[in-house]
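S.K.: So here's run30.csv, just CSV, C-alpha atoms:
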chain,number,residue,atom,x,y,z
A,1,TYR,CA,42.8,-118.2,10.6
A,2,LEU,CA,44.1,-120.7,13.2
A,3,ILE,CA,47.2,-121.5,11.2
A,4,PHE,CA,48.2,-118.1,9.8
A,5,GLY,CA,46.4,-115.8,12.3
A,6,ILE,CA,47.5,-117.5,15.5
A,7,LEU,CA,50.0,-120.4,15.1
A,8,LEU,CA,52.3,-118.8,12.5
A,9,ALA,CA,51.5,-115.1,13.1
A,10,ASP,CA,54.8,-114.3,14.8
A,11,PHE,CA,56.8,-116.0,12.0
A,12,PHE,CA,55.1,-114.1,9.2
A,13,ARG,CA,55.2,-110.8,11.2
A,14,ALA,CA,59.0,-111.3,11.6
A,15,ASN,CA,59.3,-112.0,7.9
A,16,ALA,CA,57.2,-109.1,6.7
A,17,GLY,CA,58.8,-106.9,4.1
A,18,THR,CA,59.5,-103.2,4.5
A,19,ALA,CA,55.9,-102.1,3.6
A,20,THR,CA,54.1,-100.5,6.5
A,21,GLY,CA,50.4,-100.5,7.4
A,22,VAL,CA,49.7,-103.7,5.5
A,23,GLU,CA,48.4,-105.9,8.3
A,24,LYS,CA,44.6,-105.4,8.8
A,25,MET,CA,43.4,-105.5,12.4
A,26,PRO,CA,40.9,-106.6,13.2
A,27,LEU,CA,40.8,-109.3,10.5
A,28,ASN,CA,37.7,-109.3,8.2
A,29,LEU,CA,36.6,-112.8,9.0
A,30,VAL,CA,33.6,-112.6,6.6
A,31,ALA,CA,36.0,-111.9,3.7
A,32,ILE,CA,38.3,-114.6,4.8
A,33,GLY,CA,35.5,-117.1,5.1
A,34,ILE,CA,34.2,-116.3,1.6
A,35,GLY,CA,37.7,-116.5,0.2
A,36,GLN,CA,38.2,-120.0,1.8
A,37,LEU,CA,34.9,-121.2,0.4
A,38,ALA,CA,35.9,-120.0,-3.1
A,39,SER,CA,39.3,-121.8,-2.7
A,40,ALA,CA,37.4,-125.0,-1.6
A,41,GLY,CA,35.1,-124.7,-4.6
A,42,ALA,CA,38.0,-124.4,-7.0
A,43,LEU,CA,39.9,-127.3,-5.4
A,44,THR,CA,36.7,-129.5,-5.5
A,45,LEU,CA,36.4,-128.6,-9.2
A,46,ILE,CA,40.0,-129.4,-9.9
A,47,LEU,CA,39.9,-132.8,-8.1
A,48,SER,CA,36.7,-133.7,-10.0
A,49,TRP,CA,38.4,-132.8,-13.3
A,50,VAL,CA,41.5,-134.9,-12.7
A,51,GLY,CA,39.3,-137.8,-11.5
A,52,VAL,CA,40.9,-138.7,-8.2
A,53,ARG,CA,40.2,-142.2,-7.1
A,54,GLY,CA,40.9,-142.2,-3.4
A,55,ILE,CA,41.6,-140.1,-0.3
A,56,ALA,CA,45.4,-140.4,-0.5
A,57,GLN,CA,45.4,-139.4,-4.2
A,58,GLY,CA,43.0,-136.5,-3.5
A,59,GLY,CA,45.3,-135.3,-0.7
A,60,MET,CA,48.5,-135.5,-2.8
A,61,MET,CA,46.9,-133.8,-5.8
A,62,ALA,CA,45.5,-131.0,-3.7
A,63,GLY,CA,48.8,-130.6,-1.9
A,64,VAL,CA,50.6,-130.1,-5.2
A,65,VAL,CA,48.0,-127.7,-6.5
A,66,GLY,CA,48.2,-125.7,-3.3
A,67,LEU,CA,52.0,-125.6,-3.3
A,68,LEU,CA,52.3,-124.6,-6.9
A,69,PHE,CA,49.5,-122.0,-6.8
A,70,SER,CA,50.8,-120.4,-3.6
A,71,LEU,CA,54.4,-120.5,-4.9
A,72,GLY,CA,53.3,-118.6,-8.0
A,73,VAL,CA,51.4,-116.0,-6.0
A,74,ASP,CA,54.0,-115.6,-3.3
A,75,LEU,CA,57.0,-115.3,-5.5
A,76,THR,CA,55.1,-112.8,-7.8
A,77,MET,CA,54.2,-110.7,-4.7
A,78,PHE,CA,57.8,-110.9,-3.5
A,79,GLY,CA,59.0,-109.8,-6.9
A,80,THR,CA,56.6,-106.9,-7.1
A,81,SER,CA,56.0,-105.6,-3.6
A,82,ASN,CA,57.6,-105.1,-0.2
A,83,THR,CA,55.1,-107.2,1.8
A,84,SER,CA,57.2,-110.2,2.6
A,85,THR,CA,60.7,-111.6,2.7
A,86,LEU,CA,62.0,-114.4,0.5
A,87,THR,CA,61.8,-116.7,3.5
A,88,SER,CA,58.1,-116.2,4.0
A,89,ALA,CA,57.5,-116.4,0.3
A,90,LEU,CA,59.1,-119.9,0.4
A,91,VAL,CA,57.6,-121.1,3.7
A,92,ASP,CA,54.0,-120.0,2.9
A,93,PRO,CA,53.6,-122.3,-0.1
A,94,VAL,CA,54.7,-125.3,2.0
A,95,VAL,CA,52.1,-124.4,4.7
A,96,VAL,CA,49.5,-123.9,2.1
A,97,GLY,CA,50.4,-127.2,0.4
A,98,ILE,CA,49.9,-129.0,3.6
A,99,LEU,CA,46.5,-127.3,4.3
A,100,TYR,CA,45.4,-128.0,0.7
A,101,ALA,CA,46.4,-131.7,1.1
A,102,ILE,CA,44.3,-132.0,4.2
A,103,ALA,CA,41.4,-130.2,2.5
A,104,GLY,CA,41.8,-132.4,-0.6
A,105,ALA,CA,41.7,-135.6,1.5
A,106,ALA,CA,38.6,-134.3,3.2
A,107,ILE,CA,36.9,-133.3,0.0
A,108,THR,CA,37.6,-136.7,-1.5
A,109,ALA,CA,36.4,-138.5,1.6
A,110,VAL,CA,33.1,-136.5,1.6
A,111,ALA,CA,32.7,-137.3,-2.2
A,112,GLY,CA,32.8,-141.0,-1.1
A,113,LYS,CA,36.1,-142.0,-2.8
A,114,LYS,CA,37.6,-144.6,-0.5
A,115,GLY,CA,40.5,-146.1,-2.6
Render the structure in this file as structure tokens.
M.R.:
Amino acid sequence: YLIFGILLADFFRANAGTATGVEKMPLNLVAIGIGQLASAGALTLILSWVGVRGIAQGGMMAGVVGLLFSLGVDLTMFGTSNTSTLTSALVDPVVVGILYAIAGAAITAVAGKKG
């Protein structure tokens, strides 16, 4: 919410597609929270499957996962709907990749992997 709902809100509003009535206000923070927990669970599972050995590796692996997953979703949405511009479809995966990298490093640290 802090990154997309506040810090980058103006950027993504400026790069919205031609669809109208898409933005939901007020935001459903319960749904967002549950969605973030599901993403964290999936990321934790992926990091355990690949056997990350340290915080840096966990961050890098999670960043790549976030970037690729978000790129797939964003470009598919760009290709099938009018909810964003190509600019936001390319910027969003970079932001998500950074957020996933931070999350992956934190997940790995909590799991006790120091290397």
S.K.: Of the candidates A:Asn28, A:Ile102, A:Thr108, A:Leu68, which one gets nearest to Val50 (chain A) if we count all atoms listed in the file?
M.R.: A:Thr108
S.K.: What's around Thr85 (chain A) at 10 Å? Count all atoms listed in the file, leave out sequence neighbours fewer than 3 positions away in its own chain, and write the answer as a compact mmCIF listing (two decimals) with C-alpha atoms, in the coordinates of the input.
M.R.:
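Dumped to result_34.txt:
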# COMPACT_ATOMS: atom_id res chain seq x y z
CA PHE A 12 55.10 -114.10 9.20
CA ALA A 14 59.00 -111.30 11.60
CA ASN A 15 59.30 -112.00 7.90
CA ALA A 16 57.20 -109.10 6.70
CA GLY A 17 58.80 -106.90 4.10
CA THR A 18 59.50 -103.20 4.50
CA ASP A 74 54.00 -115.60 -3.30
CA LEU A 75 57.00 -115.30 -5.50
CA MET A 77 54.20 -110.70 -4.70
CA PHE A 78 57.80 -110.90 -3.50
CA GLY A 79 59.00 -109.80 -6.90
CA SER A 81 56.00 -105.60 -3.60
CA ASN A 82 57.60 -105.10 -0.20
CA SER A 88 58.10 -116.20 4.00
CA ALA A 89 57.50 -116.40 0.30
CA LEU A 90 59.10 -119.90 0.40
S.K.: Please report the interatomic distance between CA of Gly72 (chain A) and CA of Val110 (chain A) in Å with one decimal.
M.R.: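 Straight-line distance from CA of Gly72 (chain A) to CA of Val110 (chain A) works out to 28.6 Å.
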S.K.: Select, from A:Ile107, A:Ile55, A:Leu71, A:Ile6, the residue with the minimum atom-to-atom distance to Val95 (chain A), counting only C-alpha atoms.
M.R.: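 Of A:Ile107, A:Ile55, A:Leu71, A:Ile6, the one nearest Val95 (chain A) is A:Leu71, counting only C-alpha atoms.
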S.K.: Do a neighbour search on region 31-38 of chain A at 12 Å with only C-alpha atoms, toss out local chain neighbours closer than 2 positions, and write the hits as a PyMOL selection string.
M.R.: chain A and resi 1-2+4-5+24+26-29+40-45+96+99-100+103
S.K.: Deliver the residues from the most recent selection as a file, using C-alpha atoms, as an mmCIF file, in the frame of the given file.
M.R.:
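Result went into part.cif, see below:
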data_model
loop_
_atom_site.group_PDB
_atom_site.id
_atom_site.type_symbol
_atom_site.label_atom_id
_atom_site.label_comp_id
_atom_site.auth_asym_id
_atom_site.auth_seq_id
_atom_site.Cartn_x
_atom_site.Cartn_y
_atom_site.Cartn_z
ATOM 1 C CA TYR A 1 42.800 -118.200 10.600
ATOM 2 C CA LEU A 2 44.100 -120.700 13.200
ATOM 3 C CA PHE A 4 48.200 -118.100 9.800
ATOM 4 C CA GLY A 5 46.400 -115.800 12.300
ATOM 5 C CA LYS A 24 44.600 -105.400 8.800
ATOM 6 C CA PRO A 26 40.900 -106.600 13.200
ATOM 7 C CA LEU A 27 40.800 -109.300 10.500
ATOM 8 C CA ASN A 28 37.700 -109.300 8.200
ATOM 9 C CA LEU A 29 36.600 -112.800 9.000
ATOM 10 C CA ALA A 40 37.400 -125.000 -1.600
ATOM 11 C CA GLY A 41 35.100 -124.700 -4.600
ATOM 12 C CA ALA A 42 38.000 -124.400 -7.000
ATOM 13 C CA LEU A 43 39.900 -127.300 -5.400
ATOM 14 C CA THR A 44 36.700 -129.500 -5.500
ATOM 15 C CA LEU A 45 36.400 -128.600 -9.200
ATOM 16 C CA VAL A 96 49.500 -123.900 2.100
ATOM 17 C CA LEU A 99 46.500 -127.300 4.300
ATOM 18 C CA TYR A 100 45.400 -128.000 0.700
ATOM 19 C CA ALA A 103 41.400 -130.200 2.500
#
S.K.: CA of Ile98 (chain A) and CA of Gly63 (chain A), how far apart in Å?
M.R.: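 Between CA of Gly63 (chain A) and CA of Ile98 (chain A) the gap is 5.8 Å.
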S.K.: What does the distance from CA of Val73 (chain A) to CA of Ser39 (chain A) come to in Å, to one decimal?
M.R.: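 According to the coordinates, CA of Val73 (chain A) and CA of Ser39 (chain A) are separated by 13.8 Å.
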S.K.: Point out the residue among A:Ala19, A:Met61, A:Val30, A:Ala101 with the least atom-to-atom distance to Ser48 (chain A), counting only C-alpha atoms.
M.R.: A:Met61
